[in-house]
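Single-structure report; data block below.
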Amino acid sequence: MQVKEKQVFSIPDVIKDRPTHYCPGCHHGTAHRIVAECLAELGLVEKTICAASVGCSVLIYNYLDLDIVESPHGRAPAVATGIKRSRPDAFVFTYQGDGDLASIGLAEIMHCANRGERVSVIFVNNTVYGMTGGQMAPTTLLGQKTTTCPSGRCLENEGSPFKMAELIGTLGGTVFSARVAVNNVKNLKNAKKAVLKAFEIQEKGLGFSFVEILATCPTNWRMTPIQANERVAKEMIPCFPLGVFKDTTKKQEKP
Amino acid sequence: MSRAVFREERCKGCLLCTIACPKKIIVPADRFNQQGYKVVEVPEKDMSKCTGCASCAMICPDFAITVWKTIKPKKGARKDAAAKSA
Amino acid sequence: MPRQKAPKRIFVKGNEAVAHGAIAAGCKCFFGYPITPQNDIPELLSKILPEAGGVFVQAESEVASANMLLGAGACGIRAMTSSSSPGISLMQEAISYMAGSELPAVIVNMSRGGPGLGDIGTSQGDYFQSVKGGGHGDYRVPVLAPATCQEAYDLVIDAFDLAFKYRNPVLVVGDAIVGNMKEPVIPRKVRKKSDKAASWCLSGAKNRKSRLLKSLHLEEGGLAVHNKNLQAKYKSMKTEVRQESFEVKDAQLVVVAYGSIGRIVKTAIRKLRTQGHKIGLVRPITLYPFPDRVLQTLAKQGKKFLTIENNLGQMVEDVRLAVCGLADSDFFGLLPGLTPSPDDFEKPILKSLKKSLKR
């Protein structure tokens with residue numbers, strides 16, 4: 001008897017067929033794929049314009065088959081504002097790392113969110129500056145050793161890590177702010193739900209949406225991919241709890 | 001019999017799929033791909049244990065895995081098939 | 001003879017003329033930040049741009065404004081920002097990126113005193129910043145320098161056309177005098193030319209291949225090729241050179257001055273001419289491309305030069321380069337922080353004339 005089967009997992013067409021430059025075990029590829037799946041499922045691919053940023057993901061244009069413009073370091077939310085204000089019918093998102101968004105770009109993300117720009121921001125937080133070799137980032141944990149805080153981040157000298165999803169959630173123009181992880185299948189599924197929600201909010205023209213994705217950087221953490229993956233659960237989630245920090249759509253749904 | 005299909009040339013040997021698989025049937029192989037990464041595989045004898053859950057594919061950061069799930073035949077189908085051939 | 005109907009005029013500040021020019025040019029987006037002495041530009045546009053169907057955003061900083069401009073430029077949309085000297089310093093990164101990614105944009109600078117916070121009065125201290133590229137890398141931008149409110153209106157319209165013709169940021173550099181003086185301006189209906197942006201801009205990859213706008217070129221030799229192409233483009237911009245020549249034919253001394261200073265110097269020259277002195281003026285209207293050919297021609301005729309600027313000596317270097325080997329240029333700089341009048345320039349012009357007649 002012929003065995004019938006159906007494909008239950010495929011790679012969306014918007015992902016280009018080429019190997020990535022990301023390190024083994026880096027979560028960028030996973031995050032790219034979640035974004036790609038959501039764009040495909042919501043039928044947004046053909047009207048999407050992405051403002052790419054500077055970091056390991058500067059080469060995102062090699063992997064996502066979309067209209068993309070490169071932004072200066074930290075400025076993607078401002079570039080996205082220019083895009084959405086000049087082409088309001090486009091679907092606009094930025095994809096940024098922790099140095100880009102929370103350090104040099106802190107003003108741009110706060111104001112973009114506060115103005116309630118109808119764009120979506122995907123924020124990949126791996127607690128270091130990856131591309132440049134593992135320097136301290138605004139989200140480096142207390143006690144974490146990096147190349148620019150070799151004795152470990154200390155409160156008196158370097159302050160404590162930024163909690164961006166919470167911060168963005170306090171701003172008037174933010175409709176949705178959530179933090180997710182992709183270190184296991186359960187978290188992955190929730191991560192995709194959050195990104196879908198964020199994108200739907202933009203499609204409905206409701207306001208600004210933000211998803212922070214906790215991610216690994218095995219190379220700069222000096223860990224194997226599996227050890228790095230475990231660090232997300234062991235060390236990162238206790239400091240950066242997963243969850244939804246603002247969702248104004250929930251209020252609207254109440255009868 | 002569900003199956004996971006691995007694109008070996010894309011595998012970076014990160015082994016995240018080996019911990020994601022609930023049936024623990026994915027293991028590091030003995031061979032390297034052209035990029036120099038030690039790839040993973042499901043030994044032939046173990047592929048029948050694959051449930052098609054696609055956990056491996058979901059966790060893979062390199063778009064290297066696709067998954068096919070066996071569609072179980074409907075309960076009455078076997079009886080009907082038997083009756084037809086009779 | 002029937003009297004011609006006088007054209008409709010508006011009586012506006014230079015800053016306002018810039019705003020009206022932008023609307024006439026079909027500007028769809030303005031992103032800006034408050035800074036003296038150009039606040040009339042965002043203030044007026046916040047009212048008239050939405051009325052004209054456009055979008056106004058007060059950004060959180062000049063850095064953000066310039067990057068919003070980059071985003072709109074990437075979409076092939078006519079967009080503009082304005083600021084003054086320190087704010088323009090903040091925009092240099094984005095201008096370099098726009099030049100490298102070949103994106104159209106109009107940036108208006110109503111320059112003030114510097115360096116640093118300087119003052120809120122007039123100066124021409126941003127010549128180097130504008131013409132030599134305040135940002136990093138080998139790039140050039142067309143620079144237009146209005147001297148009247150009418151020019152402030154007209155040159156903004158030209159700036160948009162140049163920006164899209166060359167897919168390049170374009171600077172319009174005025175100063176606190178040009179920005180705040182009030183004159184009649186004759187508005188005009190601008191015939192909309194196609195920006196030809198549809199072939200390269202980002203709009204969502206529907207029914208076409210996806211597009212990428214970037215300035216990063218990591219592949220071996222890629223950046224070299226890109227830079228060669230950019231240089232060829234800048235060379236082709238030489239056809240856009242513009243200047244005003246005033247009383248140069250029989251002049252013994254030619255003063256070179258631009259913007260508000262060019263205007264005030266012209267008044268001084270008119271007065272000195274009535275006294276019999278043979279003095280002329282070349283007023284560059286494009287600071288880049290610079291009118292070197294005109295100056296070379298005059299140098300070959302044996303004329304002497306005096307460059308007058310409201311700074312400590314910036315354009316004079318380009319005048320000297322232009323006439324190199326054929327002549328030299330004397331220099332008089334009105335210090336930033338002083339408000340210029342024609343009287344300030346009479347003595348220096350006569351001194352230079354005396355010197356030149358001795359040679």
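Convention: chains lettered A, B, ... in structure tokens order; per-chain residue numbering from 1; ligands numbered from 1 as shown.
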
How close does chain A get to chain C? List, as a Markdown table, each residue of chain A within 9 Å, its nearest atom pair and the distance in Å to one decimal, counting only C-alpha atoms.
| residue | atom | partner | partner_atom | distance |
| --- | --- | --- | --- | --- |
| A:Val45 | CA | C:Ala205 | CA | 7.5 |
| A:Glu46 | CA | C:Lys206 | CA | 4.6 |
| A:Lys47 | CA | C:Gly204 | CA | 3.9 |
| A:Thr48 | CA | C:Gly204 | CA | 5.0 |
| A:Ile49 | CA | C:Gly204 | CA | 5.7 |
| A:Ala51 | CA | C:Gly71 | CA | 8.0 |
| A:Tyr61 | CA | C:Leu212 | CA | 7.3 |
| A:Asp65 | CA | C:Ser210 | CA | 6.1 |
| A:Leu66 | CA | C:Ser210 | CA | 5.2 |
| A:Asp67 | CA | C:Arg211 | CA | 4.8 |
| A:Ile68 | CA | C:Leu212 | CA | 5.0 |
| A:Val69 | CA | C:Leu213 | CA | 4.7 |
| A:Glu70 | CA | C:Lys214 | CA | 5.0 |
| A:Ser71 | CA | C:Asn67 | CA | 7.7 |
| A:Pro72 | CA | C:Ala94 | CA | 7.0 |
| A:Arg75 | CA | C:Asn67 | CA | 6.4 |
| A:Ala76 | CA | C:Asn67 | CA | 7.9 |
| A:Pro77 | CA | C:Met68 | CA | 8.4 |
| A:Ala78 | CA | C:Met68 | CA | 4.9 |
| A:Val79 | CA | C:Gly71 | CA | 4.3 |
| A:Ala80 | CA | C:Gly71 | CA | 6.2 |
| A:Thr81 | CA | C:Met68 | CA | 5.9 |
| A:Gly82 | CA | C:Met68 | CA | 4.0 |
| A:Ile83 | CA | C:Gly71 | CA | 4.7 |
| A:Lys84 | CA | C:Ala72 | CA | 8.1 |
| A:Arg85 | CA | C:Val55 | CA | 6.8 |
| A:Ser86 | CA | C:Ala72 | CA | 5.6 |
| A:Arg87 | CA | C:Cys75 | CA | 7.3 |
| A:Ala90 | CA | C:Gly204 | CA | 6.7 |
| A:Phe91 | CA | C:Gly204 | CA | 8.1 |
| A:Ala107 | CA | C:Glu60 | CA | 7.4 |
| A:Glu108 | CA | C:Ala64 | CA | 6.5 |
| A:His111 | CA | C:Glu60 | CA | 6.6 |
| A:Cys112 | CA | C:Glu60 | CA | 9.0 |

DSSP-assigned helix (DSSP H, G or I) members of stretch 4-72 of chain A, reported as an MDAnalysis selection string: chainID A and resid 28:41 45:47 56:62

Please provide the set of residues having any atom within 6 Å of stretch 172-185 of chain A, restricted to only C-alpha atoms, with same-chain residues fewer than 2 positions apart removed, written as a ChimeraX atom specification. /A:113-116,165,169,187-188,191,207-214,229,242-248

Shell around A:Val54 at 10 Å using only C-alpha atoms, local window under 4 positions removed, as number ranges by chain: A: 58-60, 70-76, 95-97, 99-101, 131

Can you tell me, as a ChimeraX atom specification, what residues are no more than 8 Å from B:Arg10 when counting only C-alpha atoms, ignoring any on the same chain fewer than 3 positions away? /A:19 /B:7,62-64

Please provide as a CSV table (one decimal) with N, CA and C atoms, in the first residue's frame all residues within 9 Å of stretch 308-314 of chain C, with the sequence filter that same-chain residues fewer than 6 positions apart are discarded (counting only C-alpha atoms).
chain,number,residue,atom,x,y,z
C,113,GLY,N,26.9,81.1,13.0
C,113,GLY,CA,28.3,81.2,13.4
C,113,GLY,C,28.8,79.9,14.1
C,122,THR,N,24.6,85.3,11.2
C,122,THR,CA,25.0,84.8,9.9
C,122,THR,C,26.5,84.5,9.9
C,123,SER,N,26.8,83.6,9.0
C,123,SER,CA,28.2,83.3,8.7
C,123,SER,C,28.3,82.4,7.5
C,124,GLN,N,29.5,82.3,6.9
C,124,GLN,CA,29.6,81.4,5.8
C,124,GLN,C,30.7,80.3,6.2
C,125,GLY,N,30.6,80.0,7.5
C,125,GLY,CA,31.6,79.0,8.0
C,125,GLY,C,31.5,77.6,7.6
C,126,ASP,N,30.4,77.3,6.8
C,126,ASP,CA,30.1,75.9,6.4
C,126,ASP,C,30.5,75.6,5.0
C,127,TYR,N,31.3,76.5,4.4
C,127,TYR,CA,31.7,76.2,3.0
C,127,TYR,C,32.4,74.9,2.9
C,128,PHE,N,33.5,74.7,3.7
C,128,PHE,CA,34.2,73.4,3.7
C,128,PHE,C,33.3,72.2,3.9
C,255,VAL,N,36.0,90.6,-7.6
C,255,VAL,CA,35.7,90.1,-6.3
C,255,VAL,C,34.9,88.8,-6.4
C,256,VAL,N,35.3,87.8,-5.7
C,256,VAL,CA,34.5,86.6,-5.7
C,256,VAL,C,33.8,86.4,-4.3
C,257,ALA,N,32.5,86.4,-4.3
C,257,ALA,CA,31.7,86.3,-3.1
C,257,ALA,C,30.4,85.6,-3.4
C,258,TYR,N,29.8,84.9,-2.4
C,258,TYR,CA,28.6,84.2,-2.7
C,258,TYR,C,27.6,84.5,-1.6
C,261,ILE,N,26.7,87.6,1.3
C,261,ILE,CA,27.9,88.4,1.2
C,261,ILE,C,28.0,88.9,-0.3
C,262,GLY,N,27.8,88.0,-1.2
C,262,GLY,CA,27.8,88.3,-2.6
C,262,GLY,C,26.9,89.5,-2.9
C,265,VAL,N,28.3,92.7,-1.2
C,265,VAL,CA,29.5,93.2,-1.9
C,265,VAL,C,29.1,93.9,-3.2
C,330,ASP,N,43.6,87.5,-3.4
C,330,ASP,CA,43.7,88.2,-2.2
C,330,ASP,C,42.5,87.7,-1.3
C,331,PHE,N,42.5,87.9,-0.1
C,331,PHE,CA,41.4,87.5,0.7
C,331,PHE,C,41.0,88.5,1.8
C,332,PHE,N,39.7,88.7,2.0
C,332,PHE,CA,39.2,89.4,3.1
C,332,PHE,C,38.1,88.6,3.8
C,333,GLY,N,38.2,88.3,5.1
C,333,GLY,CA,37.2,87.6,5.7
C,333,GLY,C,36.5,88.4,6.8
C,334,LEU,N,35.2,88.5,6.7
C,334,LEU,CA,34.5,89.1,7.7
C,334,LEU,C,34.3,88.1,8.8
C,335,LEU,N,34.7,88.4,10.0
C,335,LEU,CA,34.6,87.4,11.1
C,335,LEU,C,33.2,87.0,11.4
C,336,PRO,N,32.9,85.7,11.5
C,336,PRO,CA,31.6,85.3,12.0
C,336,PRO,C,31.3,85.9,13.3
C,338,LEU,N,29.8,89.0,13.4
C,338,LEU,CA,29.6,90.4,13.0
C,338,LEU,C,28.5,90.5,11.9
C,340,PRO,N,27.3,91.9,8.6
C,340,PRO,CA,27.9,92.6,7.5
C,340,PRO,C,27.1,93.8,6.9
C,345,PHE,N,33.0,96.4,3.4
C,345,PHE,CA,33.8,95.8,2.3
C,345,PHE,C,34.4,96.9,1.4
C,349,ILE,N,38.2,96.3,-0.4
C,349,ILE,CA,38.2,96.2,-1.9
C,349,ILE,C,39.2,97.2,-2.4

So which residues touch C:Ile41 within 8 Å, counting only C-alpha atoms, skipping near sequence neighbours fewer than 4 positions away, as an NGL selection string? :C and (15-16 or 18-19 or 45 or 82)

Atoms to include: N, CA and C atoms. Write the selected residues as a PDB file, in the first residue's frame.
ATOM      1  N   ASN C  15      13.520  81.950   4.610  1.00  0.00           N
ATOM      2  CA  ASN C  15      13.135  80.633   5.147  1.00  0.00           C
ATOM      3  C   ASN C  15      11.788  80.199   4.599  1.00  0.00           C
ATOM      4  N   GLU C  16      10.846  81.149   4.594  1.00  0.00           N
ATOM      5  CA  GLU C  16       9.504  80.831   4.100  1.00  0.00           C
ATOM      6  C   GLU C  16       9.537  80.544   2.608  1.00  0.00           C
ATOM      7  N   VAL C  18      11.918  79.142   1.068  1.00  0.00           N
ATOM      8  CA  VAL C  18      12.381  77.755   0.968  1.00  0.00           C
ATOM      9  C   VAL C  18      11.197  76.797   1.098  1.00  0.00           C
ATOM     10  N   ALA C  19      10.356  77.061   2.094  1.00  0.00           N
ATOM     11  CA  ALA C  19       9.198  76.197   2.330  1.00  0.00           C
ATOM     12  C   ALA C  19       8.257  76.214   1.127  1.00  0.00           C
ATOM     13  N   LEU C  45       6.154  74.679   7.137  1.00  0.00           N
ATOM     14  CA  LEU C  45       5.839  73.400   6.481  1.00  0.00           C
ATOM     15  C   LEU C  45       4.908  72.543   7.325  1.00  0.00           C
ATOM     16  N   SER C  82      15.801  70.488   6.817  1.00  0.00           N
ATOM     17  CA  SER C  82      16.513  71.761   6.918  1.00  0.00           C
ATOM     18  C   SER C  82      17.107  71.845   8.309  1.00  0.00           C
TER      19      SER C  82
END

Chain A contacts on chain B, only C-alpha atoms, 9 Å, as a PDB file with C-alpha atoms, in the first residue's frame:
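Full text of result_17.pdb as output:
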ATOM      1  CA  MET B   1       6.679   6.719   8.232  1.00  0.00           C
ATOM      2  CA  SER B   2       7.492  10.365   8.732  1.00  0.00           C
ATOM      3  CA  GLU B   9      25.775  21.086   2.661  1.00  0.00           C
ATOM      4  CA  ARG B  10      23.879  23.610   4.837  1.00  0.00           C
ATOM      5  CA  CYS B  11      24.480  21.903   8.163  1.00  0.00           C
ATOM      6  CA  LYS B  12      26.911  23.687  10.457  1.00  0.00           C
ATOM      7  CA  GLY B  13      27.040  20.918  13.014  1.00  0.00           C
ATOM      8  CA  CYS B  14      25.527  23.088  15.751  1.00  0.00           C
ATOM      9  CA  LEU B  15      23.701  20.018  17.097  1.00  0.00           C
ATOM     10  CA  LEU B  16      20.661  22.013  18.258  1.00  0.00           C
ATOM     11  CA  ILE B  19      18.575  18.185  21.603  1.00  0.00           C
ATOM     12  CA  ALA B  20      15.294  19.342  20.103  1.00  0.00           C
ATOM     13  CA  GLY B  52       7.065  14.301  11.837  1.00  0.00           C
ATOM     14  CA  CYS B  53       6.873  16.799  14.720  1.00  0.00           C
ATOM     15  CA  ALA B  54       9.369  19.038  12.881  1.00  0.00           C
ATOM     16  CA  SER B  55      11.034  20.156  16.123  1.00  0.00           C
ATOM     17  CA  CYS B  56      14.408  19.685  14.438  1.00  0.00           C
ATOM     18  CA  ALA B  57      13.412  21.848  11.494  1.00  0.00           C
ATOM     19  CA  MET B  58      12.000  24.557  13.722  1.00  0.00           C
ATOM     20  CA  ILE B  59      15.130  24.783  15.845  1.00  0.00           C
ATOM     21  CA  CYS B  60      17.570  24.624  12.914  1.00  0.00           C
ATOM     22  CA  PRO B  61      19.042  28.089  12.277  1.00  0.00           C
ATOM     23  CA  ASP B  62      20.333  27.192   8.817  1.00  0.00           C
ATOM     24  CA  PHE B  63      17.195  26.252   6.851  1.00  0.00           C
ATOM     25  CA  ALA B  64      18.735  22.804   6.483  1.00  0.00           C
ATOM     26  CA  ILE B  65      15.830  20.578   7.445  1.00  0.00           C
ATOM     27  CA  THR B  66      12.464  19.861   5.857  1.00  0.00           C
ATOM     28  CA  VAL B  67       9.965  17.367   7.204  1.00  0.00           C
ATOM     29  CA  TRP B  68       7.391  15.042   5.718  1.00  0.00           C
ATOM     30  CA  LYS B  69       4.678  13.477   7.848  1.00  0.00           C
ATOM     31  CA  THR B  70       2.969  10.223   7.029  1.00  0.00           C
ATOM     32  CA  ILE B  71      -0.773  10.592   6.609  1.00  0.00           C
ATOM     33  CA  LYS B  72      -2.398   7.736   8.549  1.00  0.00           C
ATOM     34  CA  PRO B  73      -5.122   6.024   6.486  1.00  0.00           C
TER      35      PRO B  73
END

Write down as a PDB file with C-alpha atoms, in the first residue's frame the residues of stretch 239-335 of chain C whose backbone DSSP state falls under strand (DSSP E).
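Okay, this is what ended up in out17.pdb:
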ATOM      1  CA  GLN C 243      27.320  81.816 -11.398  1.00  0.00           C
ATOM      2  CA  GLU C 244      26.469  85.494 -11.764  1.00  0.00           C
ATOM      3  CA  SER C 245      29.069  87.770 -13.394  1.00  0.00           C
ATOM      4  CA  PHE C 246      28.647  91.471 -12.643  1.00  0.00           C
ATOM      5  CA  LEU C 253      39.843  93.583  -9.753  1.00  0.00           C
ATOM      6  CA  VAL C 254      37.262  90.801  -9.597  1.00  0.00           C
ATOM      7  CA  VAL C 255      35.691  90.102  -6.256  1.00  0.00           C
ATOM      8  CA  VAL C 256      34.508  86.551  -5.673  1.00  0.00           C
ATOM      9  CA  ILE C 279      35.701  96.397 -10.014  1.00  0.00           C
ATOM     10  CA  GLY C 280      33.601  93.380 -10.904  1.00  0.00           C
ATOM     11  CA  LEU C 281      32.005  90.472  -9.118  1.00  0.00           C
ATOM     12  CA  VAL C 282      31.719  86.768  -9.781  1.00  0.00           C
ATOM     13  CA  ARG C 283      29.057  85.310  -7.546  1.00  0.00           C
ATOM     14  CA  PRO C 284      29.067  81.511  -7.565  1.00  0.00           C
ATOM     15  CA  THR C 286      26.689  76.589  -7.391  1.00  0.00           C
ATOM     16  CA  LEU C 287      29.494  76.159  -4.868  1.00  0.00           C
ATOM     17  CA  TYR C 288      29.844  72.654  -6.228  1.00  0.00           C
ATOM     18  CA  LYS C 304      43.228  90.319 -10.179  1.00  0.00           C
ATOM     19  CA  PHE C 305      41.052  88.656  -7.576  1.00  0.00           C
ATOM     20  CA  LEU C 306      39.781  89.319  -4.090  1.00  0.00           C
ATOM     21  CA  THR C 307      37.719  86.656  -2.343  1.00  0.00           C
ATOM     22  CA  ILE C 308      35.364  87.958   0.319  1.00  0.00           C
ATOM     23  CA  GLU C 309      33.624  85.565   2.688  1.00  0.00           C
ATOM     24  CA  SER C 329      43.547  85.677  -4.945  1.00  0.00           C
ATOM     25  CA  ASP C 330      43.685  88.158  -2.150  1.00  0.00           C
ATOM     26  CA  PHE C 331      41.371  87.476   0.742  1.00  0.00           C
ATOM     27  CA  PHE C 332      39.207  89.431   3.129  1.00  0.00           C
ATOM     28  CA  GLY C 333      37.219  87.575   5.749  1.00  0.00           C
TER      29      GLY C 333
END
